[in-house]
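Accompanying notes for the structure given below.
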Amino acid sequence: MLASGGGSNLQAIHDHLAAAGPAAAADLVLVVSDRRDAGALTRARGWNAPAVHLPKERLDDLGTLLAEHRVTLIALAGFLRLVPVDVVRGFRGRIVNVHPALLPKFGGPGMYGAKVHAAVLAAGETVSGPTVHFVDEEYDRGAIIAQQPVPVLANDTVDALAARVLAAEHQLYPACVSAVVSGAVHLDAHGRVRGTPPVPQATP
Ligand code: GRF
């Protein structure tokens with residue numbers, strides 16, 4: 001998993017895998033962050049999982065690092081850098097991301113964190129929610145695996161909406177990662193999602 005921030009989605013996926021025990025669909029073999037002080041690295045070290053700080057100047061080494069750890073699926077969770085193109089191409093259909101809004105709206109370069117939720121509120125949307133998608137060469141553009149609608153409430157604040165959407169991410173993302181690992185969902189040769197994506201749960 002690649003993360004730049006606190007790592008609550010990393011935690012959700014870790015917990016999902018741990019709850020499945022030996023039957024888990026995947027092992028979490030590596031956590032990488034471009035930020036030395038990322039909470040995601042602290043969490044990973046707490047589980048004795050390999051945790052590597054890879055500063056942006058060394059991001060071109062990512063492919064080598066993934067190969068060393070025999071990574072077969074990459075899950076981005078609040079990773080704020082564009083994944084190097086050699087990695088995107090080498091892992092096509094095997095890189096996923098979670099975005100805190102209903103793509104294709106409210107995504108793209110610079111649309112992350114509070115800015116996303118502020119834009120949703122400014123647009124007067126009544127529904128938001130996370131999107132899980134395959135990653136391609138552009139920010140937030142890859143084929144969508146699943147979305148979970150979350151209501152935008154009257155008088156919502158950025159923080160309240162962000163917390164509501166994040167709780168939905170913690171349900172949707174582990175389910176989508178499991179679906180990709182198990183082969184229940186895949187990206188076909190034409191860049192379309194095939195299979196049976198997880199059914200979004202009721203809003204937490
Ligand atoms: C999440 O809102 C995710 O959608 C976005 O970045 C945030 C990461 O949060 N891509 P966390 O680090 O997983 O807590």
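Residues are referred to by chain and number: the chain letter is A, B, ... according to the order shown in the structure tokens, the number counts from 1 in that chain, and ligands are numbered separately from 1 in the order shown.
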
Could you give me the residues within 6 Å of ligand 1, counting only C-alpha atoms and all ligand atoms, as a PDB file with C-alpha atoms, in the first residue's frame?
ATOM      1  CA  GLY A   5      -1.190  10.579   5.389  1.00  0.00           C
ATOM      2  CA  GLY A   6      -2.681   9.122   8.500  1.00  0.00           C
ATOM      3  CA  GLY A   7      -3.385   5.739   7.018  1.00  0.00           C
ATOM      4  CA  SER A   8      -6.901   5.058   8.243  1.00  0.00           C
ATOM      5  CA  ASN A   9      -7.673   3.214   4.989  1.00  0.00           C
ATOM      6  CA  LEU A  10      -4.472   1.250   5.426  1.00  0.00           C
ATOM      7  CA  ALA A  77      -4.630   5.223   0.193  1.00  0.00           C
ATOM      8  CA  GLY A  78      -4.204   8.960   0.300  1.00  0.00           C
ATOM      9  CA  VAL A  98      -9.875   5.324  -3.188  1.00  0.00           C
ATOM     10  CA  HIS A  99     -11.088   8.867  -3.796  1.00  0.00           C
ATOM     11  CA  PRO A 100     -13.421  10.676  -1.353  1.00  0.00           C
ATOM     12  CA  GLY A 113      -8.403  16.166   1.189  1.00  0.00           C
ATOM     13  CA  LEU A 166     -14.159   8.390   5.307  1.00  0.00           C
TER      14      LEU A 166
END

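Neighbouring residues of Gln148 in chain A at 7 Å or closer, counting only C-alpha atoms and skipping chain neighbours under 5 positions away, are Gly129, Pro130, Thr131, Ala168 and Pro200 of chain A.
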
Can you check which residues of range 97-127 of chain A DSSP gives as alpha helix (DSSP H) on the backbone and send them as a list of chain:residue names?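 Filtering range 97-127 of chain A down to alpha helix (DSSP H) leaves A:Ala114, A:Lys115, A:Val116, A:His117, A:Ala118, A:Ala119, A:Val120, A:Leu121, A:Ala122.
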
Looking only at the backbone, which of the residues in range 29-125 of chain A does DSSP tag as strand (DSSP E or B), as a PDB file with N, CA, C and O atoms, in the first residue's frame?
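The new file out_0.pdb reads:
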ATOM      1  N   VAL A  31       4.461  -1.259   2.989  1.00  0.00           N
ATOM      2  CA  VAL A  31       3.830   0.061   3.043  1.00  0.00           C
ATOM      3  C   VAL A  31       4.894   1.091   2.673  1.00  0.00           C
ATOM      4  O   VAL A  31       6.000   1.077   3.223  1.00  0.00           O
ATOM      5  N   VAL A  32       4.562   1.943   1.716  1.00  0.00           N
ATOM      6  CA  VAL A  32       5.498   2.963   1.236  1.00  0.00           C
ATOM      7  C   VAL A  32       4.847   4.324   1.403  1.00  0.00           C
ATOM      8  O   VAL A  32       3.662   4.494   1.105  1.00  0.00           O
ATOM      9  N   SER A  33       5.628   5.285   1.866  1.00  0.00           N
ATOM     10  CA  SER A  33       5.131   6.657   1.935  1.00  0.00           C
ATOM     11  C   SER A  33       6.184   7.622   1.441  1.00  0.00           C
ATOM     12  O   SER A  33       7.383   7.429   1.677  1.00  0.00           O
ATOM     13  N   ALA A  51       7.956  -1.097   6.209  1.00  0.00           N
ATOM     14  CA  ALA A  51       7.478   0.270   6.014  1.00  0.00           C
ATOM     15  C   ALA A  51       8.640   1.107   5.509  1.00  0.00           C
ATOM     16  O   ALA A  51       9.670   1.209   6.186  1.00  0.00           O
ATOM     17  N   VAL A  52       8.490   1.684   4.338  1.00  0.00           N
ATOM     18  CA  VAL A  52       9.610   2.369   3.686  1.00  0.00           C
ATOM     19  C   VAL A  52       9.233   3.812   3.375  1.00  0.00           C
ATOM     20  O   VAL A  52       8.177   4.070   2.787  1.00  0.00           O
ATOM     21  N   HIS A  53      10.117   4.730   3.785  1.00  0.00           N
ATOM     22  CA  HIS A  53       9.965   6.120   3.368  1.00  0.00           C
ATOM     23  C   HIS A  53      10.696   6.294   2.042  1.00  0.00           C
ATOM     24  O   HIS A  53      11.916   6.092   1.976  1.00  0.00           O
ATOM     25  N   ILE A  74      -1.177  -3.197  -5.873  1.00  0.00           N
ATOM     26  CA  ILE A  74      -0.876  -1.935  -5.183  1.00  0.00           C
ATOM     27  C   ILE A  74      -2.202  -1.264  -4.842  1.00  0.00           C
ATOM     28  O   ILE A  74      -3.055  -1.091  -5.713  1.00  0.00           O
ATOM     29  N   ALA A  75      -2.357  -0.891  -3.579  1.00  0.00           N
ATOM     30  CA  ALA A  75      -3.528  -0.110  -3.169  1.00  0.00           C
ATOM     31  C   ALA A  75      -3.036   1.249  -2.680  1.00  0.00           C
ATOM     32  O   ALA A  75      -2.227   1.328  -1.755  1.00  0.00           O
ATOM     33  N   LEU A  76      -3.504   2.310  -3.338  1.00  0.00           N
ATOM     34  CA  LEU A  76      -3.165   3.668  -2.911  1.00  0.00           C
ATOM     35  C   LEU A  76      -4.188   4.104  -1.872  1.00  0.00           C
ATOM     36  O   LEU A  76      -5.387   3.888  -2.058  1.00  0.00           O
ATOM     37  N   ALA A  77      -3.705   4.731  -0.832  1.00  0.00           N
ATOM     38  CA  ALA A  77      -4.630   5.223   0.193  1.00  0.00           C
ATOM     39  C   ALA A  77      -4.140   6.598   0.642  1.00  0.00           C
ATOM     40  O   ALA A  77      -3.278   6.701   1.510  1.00  0.00           O
ATOM     41  N   ILE A  95      -3.538  -1.998  -9.792  1.00  0.00           N
ATOM     42  CA  ILE A  95      -3.400  -0.820  -8.918  1.00  0.00           C
ATOM     43  C   ILE A  95      -4.777  -0.232  -8.717  1.00  0.00           C
ATOM     44  O   ILE A  95      -5.488   0.052  -9.686  1.00  0.00           O
ATOM     45  N   VAL A  96      -5.124  -0.008  -7.453  1.00  0.00           N
ATOM     46  CA  VAL A  96      -6.415   0.593  -7.129  1.00  0.00           C
ATOM     47  C   VAL A  96      -6.213   1.803  -6.223  1.00  0.00           C
ATOM     48  O   VAL A  96      -5.175   1.956  -5.569  1.00  0.00           O
ATOM     49  N   ASN A  97      -7.225   2.670  -6.220  1.00  0.00           N
ATOM     50  CA  ASN A  97      -7.173   3.886  -5.410  1.00  0.00           C
ATOM     51  C   ASN A  97      -8.562   4.146  -4.843  1.00  0.00           C
ATOM     52  O   ASN A  97      -9.564   3.725  -5.430  1.00  0.00           O
ATOM     53  N   VAL A  98      -8.594   4.841  -3.716  1.00  0.00           N
ATOM     54  CA  VAL A  98      -9.875   5.324  -3.188  1.00  0.00           C
ATOM     55  C   VAL A  98      -9.847   6.843  -3.230  1.00  0.00           C
ATOM     56  O   VAL A  98      -8.849   7.475  -2.879  1.00  0.00           O
ATOM     57  N   HIS A  99     -10.954   7.408  -3.704  1.00  0.00           N
ATOM     58  CA  HIS A  99     -11.088   8.867  -3.796  1.00  0.00           C
ATOM     59  C   HIS A  99     -12.340   9.260  -3.004  1.00  0.00           C
ATOM     60  O   HIS A  99     -13.368   8.582  -3.104  1.00  0.00           O
TER      61      HIS A  99
END

Identify which of the residues A:Ile13, A:Leu82, A:Leu28, A:Cys176 lies closest to Glu137 in chain A, counting only C-alpha atoms when measuring atom-to-atom distances.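 Ranking A:Ile13, A:Leu82, A:Leu28, A:Cys176 by distance to Glu137 in chain A, first place goes to A:Leu82.
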
Residues within 7 Å of Ala25 in chain A, please, as number ranges by chain. Count only C-alpha atoms; anything in the same chain fewer than 3 positions from it doesn't count. A: 178, 181-182

Among the residues A:Leu30, A:Glu57, A:Ala175, A:Asp188, the one that comes closest to Arg70 in chain A [using only C-alpha atoms]: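 Nearest to Arg70 in chain A: A:Leu30.
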
Computed interatomic separation between CA of Thr196 in chain A and CA of Gly90 in chain A (Å):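 We find that CA of Thr196 in chain A and CA of Gly90 in chain A lie 24.0 Å from each other.
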
Counting only C-alpha atoms, which residue out of A:Pro149, A:Pro174, A:Pro198, A:Pro84 sits closest to Leu102 in chain A? A:Pro149

Who sits within 9 Å of Arg35 in chain A, only C-alpha atoms, same chain under 3 positions skipped, as a PDB file with C-alpha atoms, in the first residue's frame:
ATOM      1  CA  ALA A   3       0.029   6.303   1.559  1.00  0.00           C
ATOM      2  CA  SER A   4       0.985   9.886   2.358  1.00  0.00           C
ATOM      3  CA  GLY A   5      -1.190  10.579   5.389  1.00  0.00           C
ATOM      4  CA  VAL A  32       5.498   2.963   1.236  1.00  0.00           C
ATOM      5  CA  ALA A  38       3.215   9.674   7.710  1.00  0.00           C
ATOM      6  CA  LEU A  41       4.342   4.254   8.334  1.00  0.00           C
ATOM      7  CA  HIS A  53       9.965   6.120   3.368  1.00  0.00           C
ATOM      8  CA  LEU A  54      10.538   6.870  -0.316  1.00  0.00           C
ATOM      9  CA  PRO A  55      10.963  10.631  -0.767  1.00  0.00           C
ATOM     10  CA  LYS A  56       9.596  12.178  -3.947  1.00  0.00           C
TER      11      LYS A  56
END

Considering only C-alpha atoms, can you say which of A:Gln201, A:Asn48, A:Thr157, A:Thr126 comes closest to Ala114 in chain A? A:Thr157

Expressed in Å, the length from CA of Ala19 in chain A to CA of Phe134 in chain A is 24.7 Å

Go through A:Gly39, A:Val29, A:Leu172, A:Val193 one by one, measure the shortest atom-to-atom distance of each to Glu68 in chain A using only C-alpha atoms, and give the residue with the smallest value.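 When distances to Glu68 in chain A are compared using only C-alpha atoms, the smallest one comes from A:Val29.
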
So, counting only C-alpha atoms, which residue among A:Asp140, A:Ala26, A:Leu153, A:Pro104 is closest to Phe79 in chain A? A:Asp140
